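What follows is a single structure, written as structure tokens, with notes after it.
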Amino acid sequence: MLKLTFSFFSMANKPFLFFSVLLTFLAVAGGDTGEASELDYSKLSGIIIPGFASTQLRAWSILDCPYSPLDFNPLDLVWLDTTKLLSAVNCWLKCMLLDPYNQTDHPDCKSRPDSGLSGITELDPGYITGPLSSVWKEWIKWCIEFGIEANAIIAVPYDWRLSPSMLEERDLYFHKLKLTFETAFKLRGGPSLVFAHSLGNNVFRYFLEWLKLEIAPKHYIEWLDQHIHAYFAVAAPLLGATETVEATLSGFTFGLPVSEGTARLMFNSFASSLWMMPFSKYCRTSNKYFKHFSGGKQAGTHTYHCEEEEFKSNVSGWPTKIINIEIPSTRGFEAYPSFSEIPEANLSGMECGLPTQLSFSAREIADGTFFKAIEDYDPDSKRLLYQLEKSYLGDPVLNPLTPWDRPPIRNVFCIYGTNSKTKVGYYFAPSGKPYPDNWIITDVVSEYEGTLVSRSGNLVEGNPGAISGDETVPYNSLSWCKNWLGPKVNITRAPQPEHDGSDVQIDLNVEHHYEEDIVPNMTRLPRVKYITYYEDSESLPGMRTAVWELDKANHRNIVRSSVLMRELWLEMWRDIHPDAKSEFVTKAKRGPLRDEDCYWDYGKARCAWPDYCEYRYVFGDVHLGQSCRLRYTAAELLLHYL
């Protein structure tokens, strides 16, 4: 669940004046033939694909809830209504749960995703709950303040509980998404910018593969060039996320007032729970476009094969084994007994035999080996294995549990947080309690600052990366997109806040080899958060690829980062400006761009950044910092970044 904050210009700074200045620049450039002059800002659209659990779900049934004054009526909020969750949890669960085999709704209640921007702004609107559940609200607010038209920002919510194939089968989601791009092009006259967060990147990847089967091969790239100008992949779990394992076996509440067992029961009823499972970077499936080459009929199944490196190293390219689990000596129902059976199971089973500890790599999770191993000890395993084989390994469009090559889009930006403590492995043991609480986490392995540390303090062997992930997705999964860069990469490291350029470090034409991490040889000042840019505009003619690493940017909150929004906007500004001189926006300095960026320097008794900001009191200001405002218009300031 993600949030995002960025208010680009205050209304006092006349954002609409800036907007008109921007269009004037474009009009002057009308006679040019370069790509920058052809890209009219007024014609661009922004399409937002939210992440897991980041879209509201609304009831599409009438459900009476006994012993509660609150019932569910059509269009009532289900995800997320904390009031009904607290007062009628059983009713709420009926509206959330899906059949684990066929993904149909509960007989008494069904829910469907909300539509439009309102479905992704706040999950639980309210004076208190609204800010706590804010997702894309501040992003939309920034767009409005900037002067972007209402029809230029399009949200494409989806039912994040479903597998990719079921999204299309039940909701025709990918057909609708294709029509959304085409409608935006006809309405605005230009291509779209795609902003995808977390699971939204998996959805977009599947859409690109699905599109290959809907469009003639010779028109596929032409369609992408016409409808998509740039793709911003934010916090993409490109090799999966280990927290998915925790949610599957013991439950992950996401801060909701429910037990871990209830959270597990709900999570495992969603086929999408497997969409974010960790998988090996060395294993792939053959891509067969059945529709084009077999007359529309499936001519076989995907061939799953792994490189030799997969079997040389037993961790599948991850820092360590992801699952270490004690298998109980009892089998079948005695492994997850009812309450009345617990004493008998504990006496007759556990005392007569010692449990066996098994370890599983990412490959063994993604190919179903793990679920087969615990099939006799956990009732969810058969259901999960069924969905894995049906909706993922056997998907005729794409096996999503395989590495992703660079999408054939002209401009690709992969953005994620780093240097936070992130879980990469778990130790599980039988709890002696009934399902769904039959497993307990006995230890957790995390990556942090280039080392592996365990919660228990035990020494952990493995292959940690140079840095760590974003608290949710490990670094090796986030940074897989570095393989999209070419053999020569330009690296720049700069402070995240406004700076004068004195601490900017640049390393040009750094050699890069596929499946090898790029670790810049650059210094860090203590207590300074940096953003590191990896940029390549030469290896693929006409295409640009960039990777941005933001220190300490949290997975769920990165879309609220003002630093991210500043960099996104500067990059888009460079794209549309006819006088842009470089392939990427300059990193030489970062000055204030909004009134909110100006503040009072009490040590010097003046506004900080005097070249950019001045003291200008406006009636209603309550402190000195509030009266510090930009000296120049935003359009004048932005000219420094060409």
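By order in the structure tokens, chains are A, B, ...; within a chain, residues start at 1; ligands start at 1, following the order shown.
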Problem - Who sits within 12 Å of range 420-422 of chain A, only C-alpha atoms, same chain under 6 positions skipped, as an MDAnalysis selection string - result: chainID A and resid 241:243 319 444:455 464:465 467:478 529 549:555
>> List the spatial neighbours of Tyr426 in chain A as a ChimeraX atom specification - criterion: any atom at most 9 Å away, only C-alpha atoms, same-chain residues fewer than 4 positions off excluded.
In response: /A:242,245-246,321-325,441-446
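Listed by chain and then by rising number, the residues of range 352-424 of chain A that DSSP assigns to strand (DSSP E) from the backbone are Thr356, Gln357, Leu358, Ser359, Phe360, Asn411, Val412, Phe413, Cys414, Ile415, Tyr416, Gly417, Thr418, Thr422, Lys423 and Val424 of chain A.
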Item to complete: Grab the CA of Met565 in chain A to CA of Tyr641 in chain A distance for me, in Å with one decimal place.
Response: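 These two atoms are separated by 15.1 Å.
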Item to complete: Enter the distance from CA of Gly486 in chain A to CA of Glu515 in chain A, in Å, rounded to one decimal.
Response: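 Answer for the CA of Gly486 in chain A to CA of Glu515 in chain A separation: 11.4 Å.
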Q: Have a look at CA of Pro408 in chain A and CA of Ile221 in chain A and let me know their distance in Å, one decimal.
A: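 Interatomic distance here is 7.2 Å.
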Among A:Glu364, A:Asp507, A:Glu138, A:Asp76, Asp124 in chain A is approached most closely, using only C-alpha atoms, by A:Asp76
Inset, instruction - Run DSSP on the backbone of this structure and report the residues of range 461-601 of chain A it assigns to alpha helix (DSSP H), as a PyMOL selection string. - result: chain A and resi 475-478+562-576
So which residues touch range 610-617 of chain A within 10 Å, counting only C-alpha atoms, skipping near sequence neighbours fewer than 2 positions away, as a list in words?
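Listing them by chain and then by number gives Gly591, Pro592, Leu593, Arg594, Asp595, Asp597, Cys598, Tyr599, Trp600, Asp601, Arg606, Cys607, Ala608, Phe619, Gly620, Asp621, Val622, His623, Leu624, Gly625, Gln626, Ser627, Cys628, Arg629, Leu630, Arg631, Tyr632, Thr633 and Leu637 of chain A.
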Open item on the list: Give me, as a PyMOL selection string, all polymer residues having an atom no more than 12 Å from range 264-269 of chain A, counting only C-alpha atoms and skipping those fewer than 2 positions away in the same chain.
Closed with: chain A and resi 52-53+89-90+92-106+160-163+244-254+258-262+271-275+379-388+435-439
* Asked: Which neighbours of Tyr514 in chain A fall inside 12 Å, counting only C-alpha atoms, when residues of the same chain fewer than 5 positions from it are skipped, and could you give them as a list of chain:residue names?
  ->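 The contact residues come out as A:Lys281, A:Asp405, A:Trp480, A:Cys481, A:Lys482, A:Asn483, A:Trp484, A:Leu485, A:Gly486, A:Pro487, A:Lys488.
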Note to self: At a cut-off of 6 Å, using only C-alpha atoms, what residues contact Leu123 in chain A? Leave out same-chain residues fewer than 6 positions from it and give the result as a list in words.
What the structure shows: Gln56, Leu80 and Ser133 of chain A
Could you build a table of the residues in range 379-427 of chain A lying no more than 12 Å from range 196-217 of chain A, giving for each the nearest pair of atoms and their separation in Å rounded to one decimal place, using only C-alpha atoms, ordered by chain and ascending residue number, as JSON lines?
```
{"residue": "A:Tyr392", "atom": "CA", "partner": "A:Tyr206", "partner_atom": "CA", "distance": 11.2}
{"residue": "A:Asp395", "atom": "CA", "partner": "A:Tyr206", "partner_atom": "CA", "distance": 10.6}
{"residue": "A:Pro396", "atom": "CA", "partner": "A:Trp210", "partner_atom": "CA", "distance": 9.5}
{"residue": "A:Val397", "atom": "CA", "partner": "A:Trp210", "partner_atom": "CA", "distance": 6.0}
{"residue": "A:Leu398", "atom": "CA", "partner": "A:Glu209", "partner_atom": "CA", "distance": 6.8}
{"residue": "A:Asn399", "atom": "CA", "partner": "A:Tyr206", "partner_atom": "CA", "distance": 9.0}
{"residue": "A:Pro400", "atom": "CA", "partner": "A:Tyr206", "partner_atom": "CA", "distance": 7.3}
{"residue": "A:Leu401", "atom": "CA", "partner": "A:Asn202", "partner_atom": "CA", "distance": 9.9}
{"residue": "A:Thr402", "atom": "CA", "partner": "A:Asn202", "partner_atom": "CA", "distance": 11.0}
{"residue": "A:Pro403", "atom": "CA", "partner": "A:Arg205", "partner_atom": "CA", "distance": 10.8}
{"residue": "A:Trp404", "atom": "CA", "partner": "A:Arg205", "partner_atom": "CA", "distance": 8.0}
{"residue": "A:Asp405", "atom": "CA", "partner": "A:Arg205", "partner_atom": "CA", "distance": 9.8}
{"residue": "A:Arg406", "atom": "CA", "partner": "A:Arg205", "partner_atom": "CA", "distance": 10.0}
{"residue": "A:Pro407", "atom": "CA", "partner": "A:Arg205", "partner_atom": "CA", "distance": 7.9}
{"residue": "A:Pro408", "atom": "CA", "partner": "A:Leu208", "partner_atom": "CA", "distance": 9.2}
{"residue": "A:Ile409", "atom": "CA", "partner": "A:Leu208", "partner_atom": "CA", "distance": 10.1}
{"residue": "A:Val412", "atom": "CA", "partner": "A:Ala196", "partner_atom": "CA", "distance": 11.6}
{"residue": "A:Phe413", "atom": "CA", "partner": "A:Ala196", "partner_atom": "CA", "distance": 10.7}
{"residue": "A:Cys414", "atom": "CA", "partner": "A:Ala196", "partner_atom": "CA", "distance": 10.1}
{"residue": "A:Ile415", "atom": "CA", "partner": "A:His197", "partner_atom": "CA", "distance": 9.6}
{"residue": "A:Tyr416", "atom": "CA", "partner": "A:Ser198", "partner_atom": "CA", "distance": 9.7}
{"residue": "A:Gly417", "atom": "CA", "partner": "A:Ser198", "partner_atom": "CA", "distance": 11.8}
```
Requested in this report: Measuring atom to atom with only C-alpha atoms, identify which of A:Ile120, A:Val585, A:Leu86, A:Cys65 is nearest to Ile48 in chain A.
Outcome: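 Between A:Ile120, A:Val585, A:Leu86, A:Cys65, the residue approaching Ile48 in chain A most closely is A:Ile120.
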Please list as a list in words every residue within 9 Å of Leu187 in chain A, counting only C-alpha atoms and excluding residues in the same chain fewer than 3 positions away.
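Contacts, in chain order: Lys43, Asn151, Ala152, Glu182, Thr183, Ala184 and Gly190 of chain A.
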Just C-alpha atoms for this one: save the residues we selected as an mmCIF file, in the first residue's frame.
```
data_model
loop_
_atom_site.group_PDB
_atom_site.id
_atom_site.type_symbol
_atom_site.label_atom_id
_atom_site.label_comp_id
_atom_site.auth_asym_id
_atom_site.auth_seq_id
_atom_site.Cartn_x
_atom_site.Cartn_y
_atom_site.Cartn_z
ATOM 1 C CA LYS A 43 -0.813 16.256 -25.678
ATOM 2 C CA ASN A 151 -8.603 14.265 -18.778
ATOM 3 C CA ALA A 152 -4.795 14.015 -18.881
ATOM 4 C CA GLU A 182 -5.941 4.383 -27.602
ATOM 5 C CA THR A 183 -8.624 6.685 -26.187
ATOM 6 C CA ALA A 184 -6.002 8.853 -24.503
ATOM 7 C CA GLY A 190 -0.053 12.281 -28.095
#
```
